[in-house]
>>> print(open('model.txt').read())   # compact mmCIF, C-alpha atoms
# COMPACT_ATOMS: atom_id res chain seq x y z
CA MET A 9 -6.44 68.31 79.18
CA ASN A 10 -7.02 65.89 82.03
CA THR A 11 -3.94 63.98 80.93
CA TYR A 12 -1.71 67.01 81.21
CA LEU A 13 -3.13 67.89 84.64
CA THR A 14 -2.46 64.37 85.84
CA LEU A 15 1.15 64.48 84.57
CA ALA A 16 1.70 67.81 86.24
CA ALA A 17 0.37 66.50 89.55
CA ILE A 18 2.61 63.41 89.33
CA LEU A 19 5.67 65.57 88.60
CA SER A 20 4.79 67.82 91.49
CA THR A 21 4.51 64.89 93.91
CA LEU A 22 7.78 63.36 92.75
CA THR A 23 9.59 66.68 93.11
CA LEU A 24 8.21 67.18 96.62
CA GLY A 25 9.24 63.65 97.57
CA THR A 26 12.75 64.21 96.26
CA HIS A 27 12.99 67.51 98.13
CA ALA A 28 11.87 65.84 101.35
CA LEU A 29 14.35 62.96 101.02
CA ALA A 30 17.18 65.38 100.38
CA GLN A 31 16.64 67.05 103.81
CA PRO A 32 18.18 65.55 106.98
CA LEU A 33 15.83 63.45 109.05
CA ASP A 34 14.43 65.39 111.95
CA PRO A 35 12.25 63.51 114.39
CA GLU A 36 10.69 66.76 115.48
CA ALA A 37 9.93 67.86 111.95
CA PRO A 38 6.27 67.94 110.91
CA THR A 39 5.09 64.93 108.91
CA THR A 40 3.34 66.95 106.23
CA LEU A 41 5.56 67.68 103.29
CA SER A 42 5.55 71.21 102.05
CA PRO A 43 7.87 72.98 99.66
CA MET A 44 7.88 75.93 102.05
CA ARG A 45 8.11 74.12 105.43
CA PRO A 46 8.95 76.81 108.05
CA ALA A 47 12.03 76.15 110.10
CA GLU A 48 11.48 75.71 113.85
CA ALA A 49 13.58 77.52 116.37
CA LYS A 50 16.27 75.29 117.93
CA GLY A 51 17.95 77.82 120.08
CA ASP A 52 18.38 80.29 117.26
CA SER A 53 17.28 83.80 117.89
CA GLU A 54 16.01 84.44 114.33
CA PRO A 55 13.45 82.40 112.43
CA ALA A 56 14.50 80.79 109.17
CA ASN A 57 12.12 82.98 107.30
CA PRO A 58 10.93 86.45 108.28
CA SER A 59 7.43 85.43 107.57
CA ASP A 60 7.67 82.62 110.14
CA SER A 61 7.98 85.15 112.92
CA PRO A 62 4.80 86.13 114.66
CA ASP A 63 5.59 89.69 113.74
CA GLY A 64 7.25 88.90 110.41
CA GLY A 65 4.19 89.26 108.28
CA SER A 66 0.79 87.76 107.37
CA GLU A 67 -0.14 84.77 105.26
CA GLU A 68 -0.50 87.06 102.27
CA ASP A 69 3.26 87.63 102.40
CA LEU A 70 3.98 83.91 101.93
CA PRO A 71 5.63 83.16 98.59
CA ALA A 72 3.34 81.62 95.92
CA ASP A 73 3.32 77.92 95.12
CA PRO A 74 6.32 77.38 92.80
CA TYR A 75 4.35 74.73 90.88
CA ALA A 76 1.31 76.88 90.18
CA ASN A 77 2.85 78.39 87.05
CA LEU A 78 3.82 74.92 85.86
CA ILE A 79 0.29 73.61 86.29
CA GLN A 80 -1.19 76.69 84.62
CA LYS A 81 1.17 76.36 81.65
CA ALA A 82 0.34 72.67 81.38
CA GLU A 83 -3.38 73.50 81.34
CA GLU A 84 -2.88 76.16 78.66
CA TYR A 85 -0.68 73.88 76.58
CA GLY A 86 -3.01 70.94 76.91
CA GLY A 87 -6.06 73.00 76.04
CA SER A 88 -4.49 74.40 72.91
CA GLN A 89 -3.38 70.95 71.81
CA GLU A 90 -6.82 69.45 72.33
CA GLN A 91 -8.63 72.28 70.59
CA GLU A 92 -6.30 72.82 67.65
CA THR A 93 -4.11 69.84 66.93
CA TYR A 94 -6.31 66.88 67.83
CA PRO A 95 -9.14 67.56 65.34
CA GLU A 96 -6.57 67.95 62.55
CA GLN A 97 -4.96 64.66 63.44
CA VAL A 98 -8.32 62.89 63.43
CA SER A 99 -9.32 64.40 60.10
CA ASN A 100 -6.06 63.26 58.53
CA VAL A 101 -6.56 59.64 59.53
CA THR A 102 -7.61 57.54 56.50
CA LYS A 103 -9.65 54.47 57.33
CA PRO A 104 -9.02 51.44 55.12
CA ALA A 105 -11.82 50.98 52.59
CA LYS A 106 -13.89 47.85 52.99
CA PRO A 107 -13.94 45.61 49.91
CA ALA A 108 -17.25 45.78 48.08
CA SER A 109 -19.36 42.70 48.66
CA PHE A 110 -20.78 40.71 45.75
CA PRO A 111 -24.26 42.06 44.94
CA LYS A 112 -27.39 40.02 45.47
CA MET A 113 -28.13 38.28 42.19
CA HIS A 114 -30.93 36.16 40.76
CA ALA A 115 -30.18 33.75 37.94
CA PRO A 116 -31.23 35.22 34.55
CA HIS A 117 -32.58 31.81 33.46
CA LEU A 118 -34.09 28.62 34.83
CA LEU A 119 -33.06 25.54 32.85
CA ALA A 120 -34.42 26.68 29.49
CA VAL A 121 -36.80 29.50 30.42
CA PRO A 122 -35.54 33.08 30.76
CA THR A 123 -36.55 34.81 33.98
CA GLY A 124 -37.69 38.34 34.71
CA HIS A 125 -34.54 39.02 36.73
CA LEU A 126 -31.68 40.96 35.17
CA LEU A 127 -28.02 40.84 36.12
CA PRO A 128 -26.73 43.61 38.43
CA ALA A 129 -24.82 46.42 36.76
CA GLY A 130 -21.34 45.37 35.64
CA VAL A 131 -21.75 41.70 36.59
CA VAL A 132 -20.65 39.17 33.96
CA HIS A 133 -22.42 35.80 33.93
CA SER A 134 -21.33 32.79 31.87
CA THR A 135 -22.76 29.28 31.45
CA THR A 136 -21.34 26.14 29.91
CA SER A 137 -23.48 23.03 29.36
CA LEU A 138 -23.10 19.54 27.95
CA ASP A 139 -25.70 16.77 27.53
CA THR A 140 -25.78 13.07 26.69
CA GLY A 141 -26.82 13.85 23.14
CA GLY A 142 -23.38 15.38 22.54
CA SER A 143 -24.80 18.90 22.36
CA PHE A 144 -22.77 21.80 23.69
CA GLY A 145 -24.25 25.09 24.87
CA GLY A 146 -23.00 28.27 26.44
CA SER A 147 -23.79 31.91 27.08
CA LEU A 148 -22.03 35.08 28.15
CA ARG A 149 -24.00 38.05 29.51
CA ILE A 150 -23.28 41.37 31.19
CA GLY A 151 -25.63 43.53 33.27
CA LEU A 152 -26.25 47.09 32.11
CA GLY A 153 -27.20 49.48 34.89
CA ASP A 154 -29.66 47.10 36.60
CA VAL A 155 -32.17 47.75 33.79
CA GLY A 156 -30.58 46.02 30.81
CA GLU A 157 -28.56 43.00 29.78
CA PHE A 158 -26.54 42.11 26.68
CA GLY A 159 -25.22 38.68 25.75
CA VAL A 160 -24.29 36.06 23.20
CA GLU A 161 -25.18 32.38 23.38
CA THR A 162 -25.31 29.10 21.53
CA SER A 163 -28.42 27.04 22.14
CA PRO A 164 -28.52 23.22 22.34
CA ARG A 165 -32.32 23.15 21.95
CA ILE A 166 -32.95 24.25 18.36
CA ARG A 167 -33.00 21.16 16.16
CA MET A 168 -33.30 19.96 12.55
CA GLN A 169 -34.81 16.77 11.16
CA ARG A 170 -32.91 15.67 8.05
CA SER A 171 -35.62 13.28 6.86
CA ALA A 172 -39.08 12.16 7.84
CA ASP A 173 -37.71 9.00 9.44
CA ALA A 174 -34.55 10.46 11.00
CA ALA A 175 -34.35 11.61 14.60
CA PRO A 176 -33.90 15.37 15.00
CA HIS A 177 -30.40 16.56 15.87
CA THR A 178 -29.18 19.76 17.47
CA VAL A 179 -28.15 22.58 15.15
CA GLN A 180 -24.78 23.70 16.44
CA PRO A 181 -23.15 25.94 16.77
CA LEU A 182 -26.07 28.28 16.24
CA ILE A 183 -24.92 31.59 17.74
CA LEU A 184 -27.47 34.14 18.91
CA ALA A 185 -27.09 37.69 20.19
CA SER A 186 -29.53 38.82 22.86
CA PHE A 187 -30.66 41.99 24.57
CA ARG A 188 -33.03 42.29 27.50
CA MET A 189 -34.46 45.20 29.43
CA GLY A 190 -36.73 45.38 32.45
CA VAL A 191 -37.16 46.21 36.12
CA GLY A 192 -36.65 44.27 39.32
CA GLU A 193 -39.26 43.29 41.89
CA ASP A 194 -41.08 46.10 43.78
CA ARG A 195 -39.33 48.82 41.77
CA LEU A 196 -42.43 50.48 40.29
CA PHE A 197 -45.04 49.58 42.89
CA LYS A 198 -45.57 47.27 45.84
CA HIS A 199 -45.83 43.56 45.02
CA GLN A 200 -44.74 44.25 41.44
CA PRO A 201 -43.05 41.18 39.90
CA ALA A 202 -39.73 41.38 38.12
CA MET A 203 -40.37 41.91 34.42
CA ALA A 204 -38.10 41.61 31.40
CA LEU A 205 -38.56 42.02 27.65
CA GLY A 206 -35.95 40.18 25.60
CA PHE A 207 -35.01 39.83 21.96
CA ARG A 208 -32.76 37.16 20.43
CA LYS A 209 -31.54 36.85 16.87
CA SER A 210 -29.22 34.28 15.38
CA PHE A 211 -26.48 34.58 12.82
CA SER A 212 -27.06 32.65 9.61
CA ARG A 213 -26.08 29.01 9.88
CA GLU A 214 -25.80 26.49 7.06
CA GLU A 215 -27.09 23.05 8.05
CA PHE A 216 -27.58 20.20 5.57
CA ASN A 217 -27.60 22.52 2.52
CA ASN A 218 -30.00 24.94 4.18
CA ASP A 219 -29.38 28.40 5.58
CA ILE A 220 -31.41 28.82 8.75
CA ARG A 221 -32.06 31.78 10.98
CA VAL A 222 -34.20 32.32 14.06
CA ALA A 223 -35.38 35.33 16.04
CA GLY A 224 -37.62 35.59 19.06
CA ILE A 225 -39.17 38.08 21.44
CA ASP A 226 -40.11 36.98 24.96
CA LEU A 227 -41.85 38.76 27.78
CA VAL A 228 -41.63 37.19 31.24
CA ALA A 229 -42.65 38.06 34.79
CA SER A 230 -41.05 36.52 37.90
CA LYS A 231 -42.42 36.68 41.43
CA THR A 232 -40.84 35.55 44.69
CA LEU A 233 -43.20 33.93 47.17
CA GLY A 234 -41.16 32.98 50.21
CA LYS A 235 -38.83 30.16 49.17
CA THR A 236 -40.61 29.71 45.84
CA LYS A 237 -40.30 31.68 42.61
CA LEU A 238 -42.80 31.61 39.78
CA HIS A 239 -41.94 32.53 36.17
CA VAL A 240 -44.64 33.05 33.55
CA GLY A 241 -44.35 34.52 30.07
CA GLY A 242 -44.83 34.22 26.35
CA VAL A 243 -42.53 33.97 23.34
CA PHE A 244 -43.02 35.10 19.75
CA TRP A 245 -40.75 33.19 17.35
CA ASP A 246 -39.87 33.76 13.72
CA ALA A 247 -37.57 31.62 11.57
CA SER A 248 -36.46 31.09 8.00
CA MET A 249 -34.99 28.17 6.05
CA SER A 250 -33.52 28.69 2.59
CA ASP A 251 -32.30 25.93 0.26
CA VAL A 252 -28.73 26.70 -0.80
CA ASN A 253 -29.11 25.05 -4.22
CA SER A 254 -32.58 26.13 -5.33
CA GLY A 255 -32.91 29.32 -3.26
CA GLU A 256 -36.40 28.31 -2.18
CA GLU A 257 -37.19 29.84 1.23
CA VAL A 258 -39.72 28.98 3.93
CA LEU A 259 -40.70 31.57 6.54
CA LEU A 260 -42.47 30.84 9.79
CA HIS A 261 -44.43 34.10 9.77
CA ASP A 262 -46.04 33.05 6.49
CA THR A 263 -47.83 30.21 8.28
CA GLY A 264 -49.83 32.48 10.60
CA THR A 265 -49.32 34.39 13.81
CA LYS A 266 -50.97 31.68 15.89
CA ARG A 267 -48.15 29.31 15.00
CA GLN A 268 -45.56 31.82 16.29
CA ILE A 269 -46.86 32.61 19.78
CA ARG A 270 -46.49 30.20 22.68
CA PRO A 271 -46.78 30.52 26.49
CA PHE A 272 -44.05 29.23 28.77
CA GLY A 273 -43.40 29.03 32.48
CA GLY A 274 -41.35 27.56 35.27
CA ILE A 275 -41.08 27.18 39.00
CA GLU A 276 -38.14 27.00 41.40
CA ALA A 277 -38.31 26.01 45.05
CA GLU A 278 -35.59 26.14 47.70
CA PRO A 279 -36.21 23.37 50.27
CA ILE A 280 -32.76 23.83 51.79
CA LYS A 281 -30.27 26.69 51.69
CA ASN A 282 -28.20 27.02 48.49
CA ALA A 283 -30.11 24.23 46.70
CA GLN A 284 -33.11 24.63 44.39
CA LEU A 285 -35.51 22.35 42.55
CA LEU A 286 -36.30 23.56 39.02
CA ILE A 287 -38.87 22.68 36.37
CA ASP A 288 -39.81 24.61 33.22
CA LEU A 289 -41.57 24.37 29.86
CA TYR A 290 -40.33 26.26 26.79
CA TRP A 291 -40.93 26.28 23.01
CA VAL A 292 -38.22 26.23 20.31
CA PRO A 293 -38.21 25.92 16.51
CA LEU A 294 -37.78 22.58 14.75
CA PHE A 295 -36.67 22.58 11.08
CA SER A 296 -37.80 19.80 8.70
CA PRO A 297 -36.47 20.36 5.13
CA PHE A 298 -38.25 17.25 3.80
CA ALA A 299 -41.68 17.98 5.28
CA ASP A 300 -44.72 17.55 3.05
CA SER A 301 -45.93 21.14 3.53
CA ASP A 302 -44.49 24.52 4.43
CA LYS A 303 -46.48 24.52 7.65
CA ASP A 304 -44.58 21.49 8.85
CA ALA A 305 -41.22 22.68 7.53
CA ILE A 306 -40.79 24.99 10.53
CA LYS A 307 -42.78 24.42 13.68
CA LEU A 308 -42.48 25.10 17.38
CA THR A 309 -42.04 22.15 19.73
CA PRO A 310 -42.45 22.09 23.55
CA THR A 311 -39.32 21.30 25.59
CA LEU A 312 -39.70 20.10 29.18
CA SER A 313 -36.79 20.30 31.63
CA TRP A 314 -36.44 19.48 35.30
CA GLY A 315 -33.43 19.36 37.59
CA VAL A 316 -31.58 20.99 40.48
CA ARG A 317 -29.31 23.97 40.99
CA TYR A 318 -26.65 23.89 43.68
CA HIS A 319 -24.88 27.12 44.69
CA LEU A 320 -21.24 26.29 45.36
CA SER A 321 -20.69 29.94 46.32
CA LYS A 322 -22.19 33.36 45.61
CA LYS A 323 -20.48 33.34 42.22
CA VAL A 324 -20.55 29.69 41.16
CA SER A 325 -23.48 27.31 40.72
CA PHE A 326 -23.96 23.92 39.08
CA GLU A 327 -27.16 22.71 37.43
CA SER A 328 -28.06 19.21 36.36
CA GLY A 329 -31.26 17.61 35.15
CA VAL A 330 -33.23 15.98 32.37
CA ARG A 331 -34.43 17.55 29.12
CA VAL A 332 -37.17 16.13 26.88
CA PRO A 333 -36.79 17.94 23.53
CA ASP A 334 -40.37 17.31 22.36
CA ILE A 335 -42.93 16.23 24.94
CA GLY A 336 -45.54 15.92 22.19
CA GLU A 337 -43.95 12.68 21.00
CA VAL A 338 -43.47 11.23 24.50
CA ASN A 339 -40.27 9.53 23.40
CA LEU A 340 -38.02 8.97 26.40
CA LEU A 341 -35.23 7.69 24.13
CA ASP A 342 -34.73 11.29 23.02
CA ALA A 343 -34.50 12.52 26.63
CA GLN A 344 -31.12 13.96 27.58
CA ILE A 345 -29.30 14.30 30.89
CA PHE A 346 -27.34 17.52 31.03
CA GLY A 347 -24.97 19.39 33.31
CA GLN A 348 -24.38 23.11 33.35
CA LEU A 349 -21.85 25.28 35.18
CA SER A 350 -22.60 28.97 35.80
CA ILE A 351 -19.98 31.49 36.93
CA ALA A 352 -20.49 35.17 37.78
CA SER A 353 -17.82 37.85 38.11
CA ASP A 354 -17.97 41.40 39.50
CA LYS A 355 -14.50 42.56 38.40
CA ILE A 356 -15.91 44.98 35.83
CA ARG A 357 -18.42 46.22 38.40
CA ARG A 358 -15.66 46.98 40.91
CA ALA A 359 -13.50 48.59 38.22
CA LEU A 360 -16.40 50.93 37.37
CA GLY A 361 -16.86 51.78 41.05
CA VAL A 362 -20.46 50.56 41.23
CA SER A 363 -21.27 50.16 44.95
CA LYS A 364 -25.00 49.44 44.97
>>> encode(input="model.txt", output="structure tokens")
Amino acid sequence: MNTYLTLAAILSTLTLGTHALAQPLDPEAPTTLSPMRPAEAKGDSEPANPSDSPDGGSEEDLPADPYANLIQKAEEYGGSQEQETYPEQVSNVTKPAKPASFPKMHAPHLLAVPTGHLLPAGVVHSTTSLDTGGSFGGSLRIGLGDVGEFGVETSPRIRMQRSADAAPHTVQPLILASFRMGVGEDRLFKHQPAMALGFRKSFSREEFNNDIRVAGIDLVASKTLGKTKLHVGGVFWDASMSDVNSGEEVLLHDTGTKRQIRPFGGIEAEPIKNAQLLIDLYWVPLFSPFADSDKDAIKLTPTLSWGVRYHLSKKVSFESGVRVPDIGEVNLLDAQIFGQLSIASDKIRRALGVSK
């Protein structure tokens, strides 16, 4: 409204100025411009306007300001525009949507140990690893609603010993399907650690005339303490090895429950931004077809790993370190240096419209 009043006043001033310039210069004329300037008597017997005469009438008889109607119409027009049109114009304006940012994500694993953190909903996470022993590993996982996770993987840590004197070698490719479920930190109560329950089961794999299978359940809790994260849990393994020729089968659960359960843990510290120091201890099955007893045919061995993780971006990280397949033997010749690339993608998440 103020804009229309200002325009009306400017138009009024310009019109008055034009009217004044159009009149002949009169040195005796008053200096104040007025659209109804009364004419002064210059020898004429009659005033220019009857109302200019002392007896011609009162001030009430003076004609109204010719611009009053214009100003009033401008006020009415401006008011209606501001009250009716402007809100509609504002409501019809569509602001460009901001692109969804990549969600905050914790790695679902350390070097070998699974963590209590699950992938965000719709986020796909893949890893590819290679070590000096020639072993290849990889995994592909997807987050399910922030409470679940499904994936497939091939592990470079499960090994077989062909003879009593031979060095164990990695069974590959041994493909496993996995499913995990759990809750993030502080979801159920204050100071609650992230917790996840996972199950992995392999497809049957023939290795040196033996069909082998493994399955494991792990429960792990992860807690963030400043720039340090602690991971503690336990794993319950089961495995089978069946001779292709004789059909003789060895089962791990036949050797006793105590030989199936093992604790594991790990720690990660972040001394500088985007770089972490990692160390973990995990247990995996070792198959020995030529062992003297069934108890030694399948056994769990402790694997120690340490290394670093460098975050190249929010979606890409690179891990490198050292892995000792069996710390019980203290054989550094079996130690392996490995590198692992991890990539995360939120394309499925954005396609599903997940914003949190």
>>> residues_near_point(input="model.txt", point="(-29.4, 19.7, 44.9)", cutoff="8 Å", atoms="all atoms listed in the file", output="ChimeraX atom specification")
/A:283-285,316-318
>>> atom_distance(input="model.txt", atom1="atom CA of A:Leu286", atom2="atom CA of A:Leu196")
27.6 Å
>>> atom_distance(input="model.txt", atom1="atom CA of A:Gly234", atom2="atom CA of A:Gly347")
27.1 Å
>>> residues_around(input="model.txt", residues="A:Pro164", least_positions_apart="3", cutoff="10 Å", atoms="all atoms listed in the file", output="VMD selection string")
chain A and resid 120 137 to 139 141 to 146 161 167 177 to 182 333
>>> closest_atom_pairs(input="model.txt", of="stretch 248-286 of chain A", to="stretch 306-314 of chain A", cutoff="12 Å", atoms="all atoms listed in the file", output="CSV")
residue,atom,partner,partner_atom,distance
A:Ser248,CA,A:Ile306,CA,7.9
A:Met249,CA,A:Ile306,CA,8.0
A:Ser250,CA,A:Ile306,CA,11.4
A:Glu257,CA,A:Ile306,CA,11.1
A:Val258,CA,A:Ile306,CA,7.8
A:Leu259,CA,A:Ile306,CA,7.7
A:Leu260,CA,A:Ile306,CA,6.1
A:His261,CA,A:Ile306,CA,9.8
A:Asp262,CA,A:Ile306,CA,10.4
A:Thr263,CA,A:Ile306,CA,9.0
A:Gly264,CA,A:Lys307,CA,11.1
A:Thr265,CA,A:Lys307,CA,11.9
A:Lys266,CA,A:Leu308,CA,10.8
A:Arg267,CA,A:Lys307,CA,7.4
A:Gln268,CA,A:Leu308,CA,7.5
A:Ile269,CA,A:Leu308,CA,9.0
A:Arg270,CA,A:Leu308,CA,8.4
A:Pro271,CA,A:Pro310,CA,9.9
A:Phe272,CA,A:Pro310,CA,9.0
A:Gly273,CA,A:Leu312,CA,10.2
A:Gly274,CA,A:Ser313,CA,9.3
A:Ile275,CA,A:Trp314,CA,9.7
A:Glu276,CA,A:Trp314,CA,9.8
A:Ala277,CA,A:Trp314,CA,11.9
A:Gln284,CA,A:Trp314,CA,11.0
A:Leu285,CA,A:Trp314,CA,7.9
A:Leu286,CA,A:Trp314,CA,5.5
>>> closest_residue(input="model.txt", among="A:Ala204, A:Ile150, A:Val131, A:Leu119", to="A:Gln348", atoms="all atoms listed in the file")
A:Leu119
>>> atom_distance(input="model.txt", atom1="atom CA of A:Asp173", atom2="atom CA of A:Trp245")
25.6 Å
>>> residues_around(input="model.txt", residues="A:Asp154", least_positions_apart="5", cutoff="12 Å", atoms="all atoms listed in the file", output="PyMOL selection string")
chain A and resi 111-114+125-131+188-193+195+202+204+357+362+364
>>> residues_around(input="model.txt", residues="A:Asp219", least_positions_apart="3", cutoff="9 Å", atoms="only C-alpha atoms", output="number ranges by chain")
A: 212-216, 248-252
>>> write_last_selection(input="model.txt", atoms="C-alpha atoms", output="compact mmCIF listing (two decimals), keeping the file's coordinate frame")
# COMPACT_ATOMS: atom_id res chain seq x y z
CA SER A 212 -27.06 32.65 9.61
CA ARG A 213 -26.08 29.01 9.88
CA GLU A 214 -25.80 26.49 7.06
CA GLU A 215 -27.09 23.05 8.05
CA PHE A 216 -27.58 20.20 5.57
CA SER A 248 -36.46 31.09 8.00
CA MET A 249 -34.99 28.17 6.05
CA SER A 250 -33.52 28.69 2.59
CA ASP A 251 -32.30 25.93 0.26
CA VAL A 252 -28.73 26.70 -0.80
>>> closest_residue(input="model.txt", among="A:Gly329, A:Asn253, A:Ala175, A:Arg170", to="A:Ala305", atoms="only C-alpha atoms")
A:Arg170
>>> closest_residue(input="model.txt", among="A:Leu233, A:Gly224, A:Ile280, A:Ala172", to="A:Phe298", atoms="only C-alpha atoms")
A:Ala172
>>> closest_residue(input="model.txt", among="A:Asp226, A:Thr162, A:Thr140, A:Leu320", to="A:Asp342", atoms="all atoms listed in the file")
A:Thr140
>>> residues_near_point(input="model.txt", point="(-16.5, 41.0, 35.4)", cutoff="6 Å", atoms="only C-alpha atoms", output="VMD selection string")
chain A and resid 131 to 132 353 to 356
>>> closest_residue(input="model.txt", among="A:Lys322, A:Phe110, A:Leu340, A:Ala115", to="A:Asn282", atoms="all atoms listed in the file")
A:Lys322
>>> closest_residue(input="model.txt", among="A:Pro116, A:Pro122, A:Gly255, A:Met203", to="A:Val243", atoms="only C-alpha atoms")
A:Pro122
>>> decode(input="model.txt", residues="stretch 266-339 of chain A", atoms="C-alpha atoms", output="PDB file, in the first residue's frame")
ATOM      1  CA  LYS A 266      32.616 -75.163  24.841  1.00  0.00           C
ATOM      2  CA  ARG A 267      34.556 -75.622  21.612  1.00  0.00           C
ATOM      3  CA  GLN A 268      31.987 -73.531  19.704  1.00  0.00           C
ATOM      4  CA  ILE A 269      31.779 -70.362  21.810  1.00  0.00           C
ATOM      5  CA  ARG A 270      34.490 -67.718  21.775  1.00  0.00           C
ATOM      6  CA  PRO A 271      34.685 -64.062  22.911  1.00  0.00           C
ATOM      7  CA  PHE A 272      35.972 -61.363  20.601  1.00  0.00           C
ATOM      8  CA  GLY A 273      36.574 -57.640  20.744  1.00  0.00           C
ATOM      9  CA  GLY A 274      38.170 -54.617  19.176  1.00  0.00           C
ATOM     10  CA  ILE A 275      38.986 -50.982  19.670  1.00  0.00           C
ATOM     11  CA  GLU A 276      39.178 -48.005  17.319  1.00  0.00           C
ATOM     12  CA  ALA A 277      40.635 -44.606  18.141  1.00  0.00           C
ATOM     13  CA  GLU A 278      40.563 -41.407  16.099  1.00  0.00           C
ATOM     14  CA  PRO A 279      43.689 -39.342  16.899  1.00  0.00           C
ATOM     15  CA  ILE A 280      43.072 -37.035  13.940  1.00  0.00           C
ATOM     16  CA  LYS A 281      39.987 -36.276  11.873  1.00  0.00           C
ATOM     17  CA  ASN A 282      39.051 -38.863   9.219  1.00  0.00           C
ATOM     18  CA  ALA A 283      41.766 -41.317  10.326  1.00  0.00           C
ATOM     19  CA  GLN A 284      41.385 -44.196  12.793  1.00  0.00           C
ATOM     20  CA  LEU A 285      43.642 -46.756  14.427  1.00  0.00           C
ATOM     21  CA  LEU A 286      42.080 -50.238  14.587  1.00  0.00           C
ATOM     22  CA  ILE A 287      42.873 -53.476  16.390  1.00  0.00           C
ATOM     23  CA  ASP A 288      40.664 -56.548  16.866  1.00  0.00           C
ATOM     24  CA  LEU A 289      40.655 -60.224  17.813  1.00  0.00           C
ATOM     25  CA  TYR A 290      38.279 -62.720  16.190  1.00  0.00           C
ATOM     26  CA  TRP A 291      37.837 -66.517  15.962  1.00  0.00           C
ATOM     27  CA  VAL A 292      37.273 -68.519  12.756  1.00  0.00           C
ATOM     28  CA  PRO A 293      37.092 -72.232  11.882  1.00  0.00           C
ATOM     29  CA  LEU A 294      40.126 -74.171  10.665  1.00  0.00           C
ATOM     30  CA  PHE A 295      39.546 -77.476   8.802  1.00  0.00           C
ATOM     31  CA  SER A 296      42.105 -80.315   9.030  1.00  0.00           C
ATOM     32  CA  PRO A 297      40.962 -83.407   7.048  1.00  0.00           C
ATOM     33  CA  PHE A 298      44.041 -85.422   8.087  1.00  0.00           C
ATOM     34  CA  ALA A 299      43.858 -84.701  11.820  1.00  0.00           C
ATOM     35  CA  ASP A 300      44.302 -87.598  14.225  1.00  0.00           C
ATOM     36  CA  SER A 301      40.940 -87.040  15.960  1.00  0.00           C
ATOM     37  CA  ASP A 302      37.580 -85.502  15.182  1.00  0.00           C
ATOM     38  CA  LYS A 303      38.190 -82.844  17.806  1.00  0.00           C
ATOM     39  CA  ASP A 304      41.139 -81.552  15.838  1.00  0.00           C
ATOM     40  CA  ALA A 305      39.459 -81.940  12.452  1.00  0.00           C
ATOM     41  CA  ILE A 306      37.512 -78.703  12.974  1.00  0.00           C
ATOM     42  CA  LYS A 307      38.678 -76.168  15.507  1.00  0.00           C
ATOM     43  CA  LEU A 308      38.444 -72.441  16.104  1.00  0.00           C
ATOM     44  CA  THR A 309      41.608 -70.362  15.809  1.00  0.00           C
ATOM     45  CA  PRO A 310      42.189 -66.769  17.018  1.00  0.00           C
ATOM     46  CA  THR A 311      42.917 -64.153  14.328  1.00  0.00           C
ATOM     47  CA  LEU A 312      44.589 -60.887  15.316  1.00  0.00           C
ATOM     48  CA  SER A 313      44.412 -57.827  13.055  1.00  0.00           C
ATOM     49  CA  TRP A 314      45.646 -54.276  13.403  1.00  0.00           C
ATOM     50  CA  GLY A 315      45.755 -51.383  10.967  1.00  0.00           C
ATOM     51  CA  VAL A 316      44.324 -48.002  10.008  1.00  0.00           C
ATOM     52  CA  ARG A 317      41.215 -46.691   8.294  1.00  0.00           C
ATOM     53  CA  TYR A 318      41.374 -43.482   6.283  1.00  0.00           C
ATOM     54  CA  HIS A 319      38.137 -41.777   5.202  1.00  0.00           C
ATOM     55  CA  LEU A 320      38.667 -40.375   1.718  1.00  0.00           C
ATOM     56  CA  SER A 321      35.132 -38.948   1.850  1.00  0.00           C
ATOM     57  CA  LYS A 322      31.824 -39.638   3.583  1.00  0.00           C
ATOM     58  CA  LYS A 323      31.234 -42.534   1.197  1.00  0.00           C
ATOM     59  CA  VAL A 324      34.708 -43.942   0.570  1.00  0.00           C
ATOM     60  CA  SER A 325      37.306 -45.279   3.010  1.00  0.00           C
ATOM     61  CA  PHE A 326      40.489 -47.316   2.697  1.00  0.00           C
ATOM     62  CA  GLU A 327      41.794 -49.764   5.281  1.00  0.00           C
ATOM     63  CA  SER A 328      45.202 -51.362   5.483  1.00  0.00           C
ATOM     64  CA  GLY A 329      46.954 -53.427   8.116  1.00  0.00           C
ATOM     65  CA  VAL A 330      48.404 -56.739   9.218  1.00  0.00           C
ATOM     66  CA  ARG A 331      46.569 -59.996   9.885  1.00  0.00           C
ATOM     67  CA  VAL A 332      47.963 -62.935  11.871  1.00  0.00           C
ATOM     68  CA  PRO A 333      45.716 -65.913  11.011  1.00  0.00           C
ATOM     69  CA  ASP A 334      46.552 -67.922  14.142  1.00  0.00           C
ATOM     70  CA  ILE A 335      48.202 -66.123  17.041  1.00  0.00           C
ATOM     71  CA  GLY A 336      48.416 -69.416  18.941  1.00  0.00           C
ATOM     72  CA  GLU A 337      51.302 -70.530  16.729  1.00  0.00           C
ATOM     73  CA  VAL A 338      53.137 -67.173  16.838  1.00  0.00           C
ATOM     74  CA  ASN A 339      54.349 -67.686  13.281  1.00  0.00           C
TER      75      ASN A 339
END
